[in-house]
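Following: one structure in C-alpha cells, then a few remarks.
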Amino acid sequence: MADIQEYKCPQCGGAINFDINSQKMKCPYCAAEFEPDTLKAYDEDLISVSGEDKIKWETPGKVWQEGDDSSLRVYVCRSCGGEIVGDANLGATSCPYCGTPVVLMGQFAGDLKPDCIIPFKLNKETAKAALKSHYKKKPFTPKNFTDENHLDKITGMYVPFWLFDVDAAADARFAATKVRTWFDAEYVYTETSHFSVIRSGDISFRNVPADGSSKMADDVMESIEPFDPSQALDFQTAYMAGYVADRYDVSIAENEDRVNKRISESAAKALAGTVHGYSSVRTEANSVTGKNSRVRYAMYPVWILNTTWKDNKYSFAMNGQTGKFVGNIPVSRGRFFAKFGILAGIIAAAVFVAEILYYIL
Amino acid sequence: METVRGIIERGYVYSVYGNSSGGSLAGFDWAKAIVIAVIAGALISLIVNLIRKRRHKSVASKSEANTYIVEGSFHLTASSDRFLFSEVFKQRRQRDINRGGPQGPRGGFGGGFGGGARRF
C-alpha cells in the first residue's frame, strides 16, 4: 500500500486543512492553527510510532492484478478504512467517505518532489463570485445560461508545472526596406532600398511555466498565467491538505518545444525592437541558444469549475493566486443577431439622415 | 399608393427647404442612399459585434514569454545593417483634366505602377 499522509488536528483529531486567510493549517472544528512545518513534524512523529499491527491477510476473490487497469490505484483511508480510488497520478485528495484530506506521499517523494509550491491565496467563494462576474461581462450570453447553469463541482487543485530558466543568446536576421519618393515635372520616383539587418543579444528568462499534467488543457493553463513565483515557498505536502493534486505526467522533454517557441518568439521581438529607421521590417530567421538553463518542478494553485447547461459541459479555471479567470462562454445566436440588427438599424438610419442633410446643405 | 419618398418630398422636407434648387431633394437618389445606409449599418454593426463576441472567448494559447523576461537582462551584443540593393520606379504624372477642380479617382499620383512606371 502506498504511503499516505493525513493531516489531523493534534488537539481534537479533526481533519485539518490549509487555511487560505491565515496561510496556516487550521482545524475547522476547534479553530486551532498550526504552522505547516510543525504539523508535518508532528505527523512524522505519529508515523514513526504508529502502533500498527503488521498482519497480512489473504484477500479472497478477484483482486486487481498488475495490468488490469494500470490507470487506477486504490488507497485505504486510515481514519475510516474507506477506499480511495484514484488514477496513477493522483497526489492529494480527500476521503470520499469521511472527508479526511490525504496526501499520497509516494507521489511527491524522491525525484518526484516538487521544488516549490504557491499556496492558494483565494478561496472557493472568490472563485464562485468570479464565475458570476465572468458571465456578466459577456454581451451574447444565452438568456438562461446564468440562471440555469448548474455548477457541478469546484475543485481546488495544485497543478504540476515545470518552470524553465534560461540565459539565452539570441540571433535574428531581418529584411528591411527604406522607401524614398520624389518627383519632377514629368515623373514620380520611388526608390526602395533593401537591407539585411542582423541583431544579436543576450536575454534572460525566469520561471517560464509549462503545465506537467495531461489532464489540464495547455491553452487553459496558459490563459490563467501569470503566476507570481516570488510568492512560492519550499514544497511541503501540508499545503496540499484539503485540495486535489496530481503529480506530473508530462515530462520536461515533452514541454520543451512549446517553451522554446515562446522564448524564441519573445527574444525575436526584443531584437526586432532595436531595428529602427526603416519603412518595413520582416523577420527572416531567428534562433536562440540556451545557457545556464535549468528546470524546476512547482505546484501552482488553480480552481477548476465545471458547469452543465442544457446537457453540455463547460469548464472554467481561476488562478488560485491572482484570481485571473478564464473559460469560454457560449454565444446565443439569437442575441447576437438581435443586437446586430438593432445596431445596424441605428447606424443605417443615422447614415441615411446624414446623406439627406449632406445633399440638402 | 403614395410612396415614402413622395410623402417626404411633398411634406416635411419640402416644407422646410422648399422646392428651390438650394434645399431641394429633387434629383436625390433615394435608392442609392438607402443601399449605402443599409450596407454601412450592416458592416459597422457586424464589425462591432464580432469584436464584442471575442469577449466570450478567453482561452487562448500563449505564443510568447514576455512576462518572464528578467528586467534589464536584454543586451544587444552585435548589430549590423547591410545595404543590399535599391530599385527605383518612375511613373509618369497624370495631368488633371479639369485644372483647378477636385481630383477624381484617376487624378493625382495614384494608380499603381502601371502606365509608364519604369524600373531602373
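Labeling convention for the C-alpha cells: chains A, B, ... as they appear, residues from 1 per chain, ligands from 1 in order of appearance.
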Contact check, chain A to chain B, at most 6 Å, counting only C-alpha atoms, closest pairs as a Markdown table:
| residue | atom | partner | partner_atom | distance |
| --- | --- | --- | --- | --- |
| A:Lys138 | CA | B:His56 | CA | 5.9 |
| A:Glu186 | CA | B:Arg93 | CA | 5.6 |
| A:Tyr187 | CA | B:Arg92 | CA | 4.3 |
| A:Val188 | CA | B:Gln91 | CA | 5.1 |
| A:Tyr189 | CA | B:Lys90 | CA | 4.3 |
| A:Thr190 | CA | B:Phe89 | CA | 5.1 |
| A:Glu191 | CA | B:Val88 | CA | 4.2 |
| A:Thr192 | CA | B:Glu87 | CA | 5.4 |
| A:Ser193 | CA | B:Ser86 | CA | 4.0 |
| A:His194 | CA | B:Phe85 | CA | 5.5 |
| A:Phe195 | CA | B:Phe83 | CA | 4.4 |
| A:Ser196 | CA | B:Arg82 | CA | 5.1 |
| A:Val197 | CA | B:Asp81 | CA | 4.5 |
| A:Ile198 | CA | B:Ser80 | CA | 5.1 |
| A:Arg199 | CA | B:Ser79 | CA | 4.6 |
| A:Ser200 | CA | B:Ala78 | CA | 4.8 |
| A:Gly201 | CA | B:Leu76 | CA | 4.1 |
| A:Asp202 | CA | B:His75 | CA | 5.2 |
| A:Ile203 | CA | B:Phe74 | CA | 4.4 |
| A:Ser204 | CA | B:Val70 | CA | 5.5 |
| A:Phe205 | CA | B:Ile69 | CA | 4.5 |
| A:Arg206 | CA | B:Tyr68 | CA | 5.4 |
| A:Val208 | CA | B:Tyr68 | CA | 5.9 |
| A:Asp219 | CA | B:Ser61 | CA | 4.4 |
| A:Val220 | CA | B:Val59 | CA | 5.6 |
| A:Glu222 | CA | B:Ser61 | CA | 6.0 |
| A:Ser223 | CA | B:Val59 | CA | 5.6 |
| A:Arg262 | CA | B:Glu64 | CA | 4.0 |
| A:Ile263 | CA | B:Ala65 | CA | 5.6 |
| A:Glu265 | CA | B:Glu64 | CA | 5.5 |
| A:Ser266 | CA | B:Glu64 | CA | 5.3 |
| A:Val326 | CA | B:Ser58 | CA | 5.4 |
| A:Gly327 | CA | B:Ser58 | CA | 5.7 |
| A:Asn328 | CA | B:Lys57 | CA | 4.6 |
| A:Ile329 | CA | B:His56 | CA | 5.2 |
| A:Phe340 | CA | B:Ser45 | CA | 5.6 |
| A:Leu343 | CA | B:Ser45 | CA | 5.6 |
| A:Ala344 | CA | B:Gly41 | CA | 4.3 |
| A:Ile347 | CA | B:Gly41 | CA | 4.7 |
| A:Ala348 | CA | B:Gly41 | CA | 4.3 |
| A:Val351 | CA | B:Ala37 | CA | 5.2 |
| A:Phe352 | CA | B:Ala37 | CA | 5.2 |
| A:Ile360 | CA | B:Gly23 | CA | 4.8 |
- Task: Report the residues of range 112-280 of chain A whose backbone DSSP state falls under strand (DSSP E or B), written as a PyMOL selection string.
- Result: chain A and resi 116-117+150-183+187-211+233-234+244-246+280
- Message: Residues near Cys80 in chain A, anyone? I mean within 9 Å using only C-alpha atoms, not counting same-chain ones fewer than 2 positions away, as a PyMOL selection string.
- Response: chain A and resi 76-78+82-83+95+97-98+100
Take the residues just selected and output them with N, CA and C atoms as an mmCIF file, in the first residue's frame.
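The file below, part-v9.cif, is the result:
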data_model
loop_
_atom_site.group_PDB
_atom_site.id
_atom_site.type_symbol
_atom_site.label_atom_id
_atom_site.label_comp_id
_atom_site.auth_asym_id
_atom_site.auth_seq_id
_atom_site.Cartn_x
_atom_site.Cartn_y
_atom_site.Cartn_z
ATOM 1 N N VAL A 76 -6.253 3.099 1.072
ATOM 2 C CA VAL A 76 -7.181 2.904 2.181
ATOM 3 C C VAL A 76 -7.032 4.061 3.155
ATOM 4 N N CYS A 77 -8.150 4.676 3.480
ATOM 5 C CA CYS A 77 -8.140 5.807 4.413
ATOM 6 C C CYS A 77 -7.835 5.290 5.809
ATOM 7 N N ARG A 78 -6.871 5.897 6.443
ATOM 8 C CA ARG A 78 -6.505 5.452 7.788
ATOM 9 C C ARG A 78 -7.543 5.828 8.833
ATOM 10 N N GLY A 82 -12.120 3.513 4.515
ATOM 11 C CA GLY A 82 -12.755 3.593 3.197
ATOM 12 C C GLY A 82 -11.723 3.567 2.084
ATOM 13 N N GLU A 83 -12.163 3.103 0.958
ATOM 14 C CA GLU A 83 -11.260 3.023 -0.188
ATOM 15 C C GLU A 83 -11.239 4.346 -0.953
ATOM 16 N N CYS A 95 -10.798 11.836 1.440
ATOM 17 C CA CYS A 95 -11.508 10.559 1.505
ATOM 18 C C CYS A 95 -12.968 10.801 1.151
ATOM 19 N N TYR A 97 -15.473 9.192 1.909
ATOM 20 C CA TYR A 97 -16.402 8.760 2.964
ATOM 21 C C TYR A 97 -16.367 9.671 4.180
ATOM 22 N N CYS A 98 -15.161 9.992 4.664
ATOM 23 C CA CYS A 98 -15.079 10.791 5.889
ATOM 24 C C CYS A 98 -14.537 12.192 5.639
ATOM 25 N N THR A 100 -11.562 13.186 5.159
ATOM 26 C CA THR A 100 -10.208 13.463 5.632
ATOM 27 C C THR A 100 -9.280 13.760 4.464
#
- Message: Write out as a VMD selection string the set of residues from range 37-89 of chain B that DSSP, computed on the backbone, places in alpha helix (DSSP H).
- Response: chain B and resid 37 to 53
Kindly export the residues of the current selection with all heavy atoms, as a compact mmCIF listing (two decimals), in the first residue's frame.
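That gives us result18.txt:
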# COMPACT_ATOMS: atom_id res chain seq x y z
N ALA B 37 -26.79 53.29 -46.86
CA ALA B 37 -27.07 53.33 -45.42
C ALA B 37 -27.16 51.91 -44.85
O ALA B 37 -26.60 51.60 -43.79
CB ALA B 37 -28.36 54.09 -45.16
N VAL B 38 -27.86 51.06 -45.57
CA VAL B 38 -28.04 49.67 -45.09
C VAL B 38 -26.69 48.93 -45.07
O VAL B 38 -26.36 48.25 -44.08
CB VAL B 38 -29.06 48.92 -45.98
CG1 VAL B 38 -29.03 47.43 -45.68
CG2 VAL B 38 -30.46 49.48 -45.76
N ILE B 39 -25.92 49.09 -46.12
CA ILE B 39 -24.63 48.39 -46.18
C ILE B 39 -23.69 48.92 -45.08
O ILE B 39 -23.05 48.16 -44.36
CB ILE B 39 -23.98 48.55 -47.57
CG1 ILE B 39 -24.77 47.75 -48.59
CG2 ILE B 39 -22.53 48.09 -47.55
CD1 ILE B 39 -24.32 47.95 -50.03
N ALA B 40 -23.66 50.25 -44.93
CA ALA B 40 -22.80 50.83 -43.89
C ALA B 40 -23.23 50.35 -42.51
O ALA B 40 -22.39 49.97 -41.67
CB ALA B 40 -22.84 52.35 -43.97
N GLY B 41 -24.53 50.37 -42.27
CA GLY B 41 -25.05 49.94 -40.97
C GLY B 41 -24.71 48.49 -40.69
O GLY B 41 -24.25 48.14 -39.60
N ALA B 42 -24.93 47.64 -41.70
CA ALA B 42 -24.66 46.21 -41.52
C ALA B 42 -23.17 45.95 -41.29
O ALA B 42 -22.79 45.18 -40.40
CB ALA B 42 -25.14 45.44 -42.74
N LEU B 43 -22.35 46.63 -42.07
CA LEU B 43 -20.90 46.40 -41.95
C LEU B 43 -20.35 46.85 -40.59
O LEU B 43 -19.65 46.10 -39.90
CB LEU B 43 -20.15 47.16 -43.06
CG LEU B 43 -19.92 46.39 -44.35
CD1 LEU B 43 -19.22 47.29 -45.36
CD2 LEU B 43 -19.07 45.15 -44.08
N ILE B 44 -20.72 48.08 -40.21
CA ILE B 44 -20.21 48.60 -38.93
C ILE B 44 -20.73 47.76 -37.78
O ILE B 44 -20.00 47.40 -36.86
CB ILE B 44 -20.60 50.08 -38.76
CG1 ILE B 44 -19.90 50.92 -39.84
CG2 ILE B 44 -20.24 50.59 -37.37
CD1 ILE B 44 -20.37 52.35 -39.93
N SER B 45 -22.03 47.41 -37.84
CA SER B 45 -22.62 46.60 -36.76
C SER B 45 -21.96 45.23 -36.69
O SER B 45 -21.69 44.72 -35.60
CB SER B 45 -24.12 46.44 -37.02
OG SER B 45 -24.68 45.62 -36.03
N LEU B 46 -21.68 44.66 -37.85
CA LEU B 46 -21.05 43.34 -37.87
C LEU B 46 -19.66 43.40 -37.23
O LEU B 46 -19.30 42.56 -36.39
CB LEU B 46 -20.94 42.83 -39.31
CG LEU B 46 -20.39 41.42 -39.47
CD1 LEU B 46 -21.36 40.40 -38.88
CD2 LEU B 46 -20.12 41.08 -40.92
N ILE B 47 -18.90 44.41 -37.60
CA ILE B 47 -17.53 44.54 -37.05
C ILE B 47 -17.60 44.74 -35.54
O ILE B 47 -16.90 44.08 -34.78
CB ILE B 47 -16.79 45.72 -37.74
CG1 ILE B 47 -16.51 45.37 -39.20
CG2 ILE B 47 -15.50 46.06 -37.00
CD1 ILE B 47 -16.07 46.54 -40.06
N VAL B 48 -18.48 45.65 -35.11
CA VAL B 48 -18.59 45.95 -33.66
C VAL B 48 -18.98 44.69 -32.89
O VAL B 48 -18.40 44.34 -31.86
CB VAL B 48 -19.61 47.08 -33.42
CG1 VAL B 48 -19.95 47.19 -31.94
CG2 VAL B 48 -19.06 48.40 -33.94
N ASN B 49 -19.98 43.96 -33.42
CA ASN B 49 -20.47 42.79 -32.69
C ASN B 49 -19.50 41.61 -32.74
O ASN B 49 -19.44 40.83 -31.80
CB ASN B 49 -21.85 42.40 -33.20
CG ASN B 49 -22.93 43.31 -32.64
OD1 ASN B 49 -23.12 43.39 -31.43
ND2 ASN B 49 -23.59 44.05 -33.51
N LEU B 50 -18.75 41.51 -33.83
CA LEU B 50 -17.73 40.44 -33.87
C LEU B 50 -16.63 40.72 -32.85
O LEU B 50 -16.11 39.80 -32.21
CB LEU B 50 -17.14 40.31 -35.28
CG LEU B 50 -18.03 39.62 -36.31
CD1 LEU B 50 -17.37 39.62 -37.68
CD2 LEU B 50 -18.37 38.19 -35.88
N ILE B 51 -16.29 42.00 -32.70
CA ILE B 51 -15.28 42.36 -31.68
C ILE B 51 -15.82 42.04 -30.28
O ILE B 51 -15.13 41.47 -29.45
CB ILE B 51 -14.91 43.85 -31.80
CG1 ILE B 51 -14.11 44.08 -33.09
CG2 ILE B 51 -14.11 44.32 -30.59
CD1 ILE B 51 -13.89 45.53 -33.45
N ARG B 52 -17.10 42.37 -30.06
CA ARG B 52 -17.70 42.09 -28.75
C ARG B 52 -17.82 40.58 -28.51
O ARG B 52 -17.68 40.11 -27.40
CB ARG B 52 -19.08 42.73 -28.66
CG ARG B 52 -19.03 44.25 -28.71
CD ARG B 52 -20.42 44.81 -28.72
NE ARG B 52 -21.01 44.76 -27.38
CZ ARG B 52 -22.33 44.80 -27.15
NH1 ARG B 52 -23.17 44.88 -28.15
NH2 ARG B 52 -22.79 44.74 -25.92
N LYS B 53 -18.03 39.84 -29.59
CA LYS B 53 -18.17 38.39 -29.46
C LYS B 53 -16.87 37.75 -28.97
O LYS B 53 -16.88 36.72 -28.31
CB LYS B 53 -18.56 37.81 -30.83
CG LYS B 53 -18.91 36.34 -30.82
CD LYS B 53 -19.21 35.88 -32.23
CE LYS B 53 -19.22 34.36 -32.28
NZ LYS B 53 -19.18 33.85 -33.64
- Message: Just to confirm, what's the straight-line distance from CA of Cys116 in chain A to CA of Cys30 in chain A in Å (one decimal)?
- Response: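 Those two atoms sit 29.6 Å apart.
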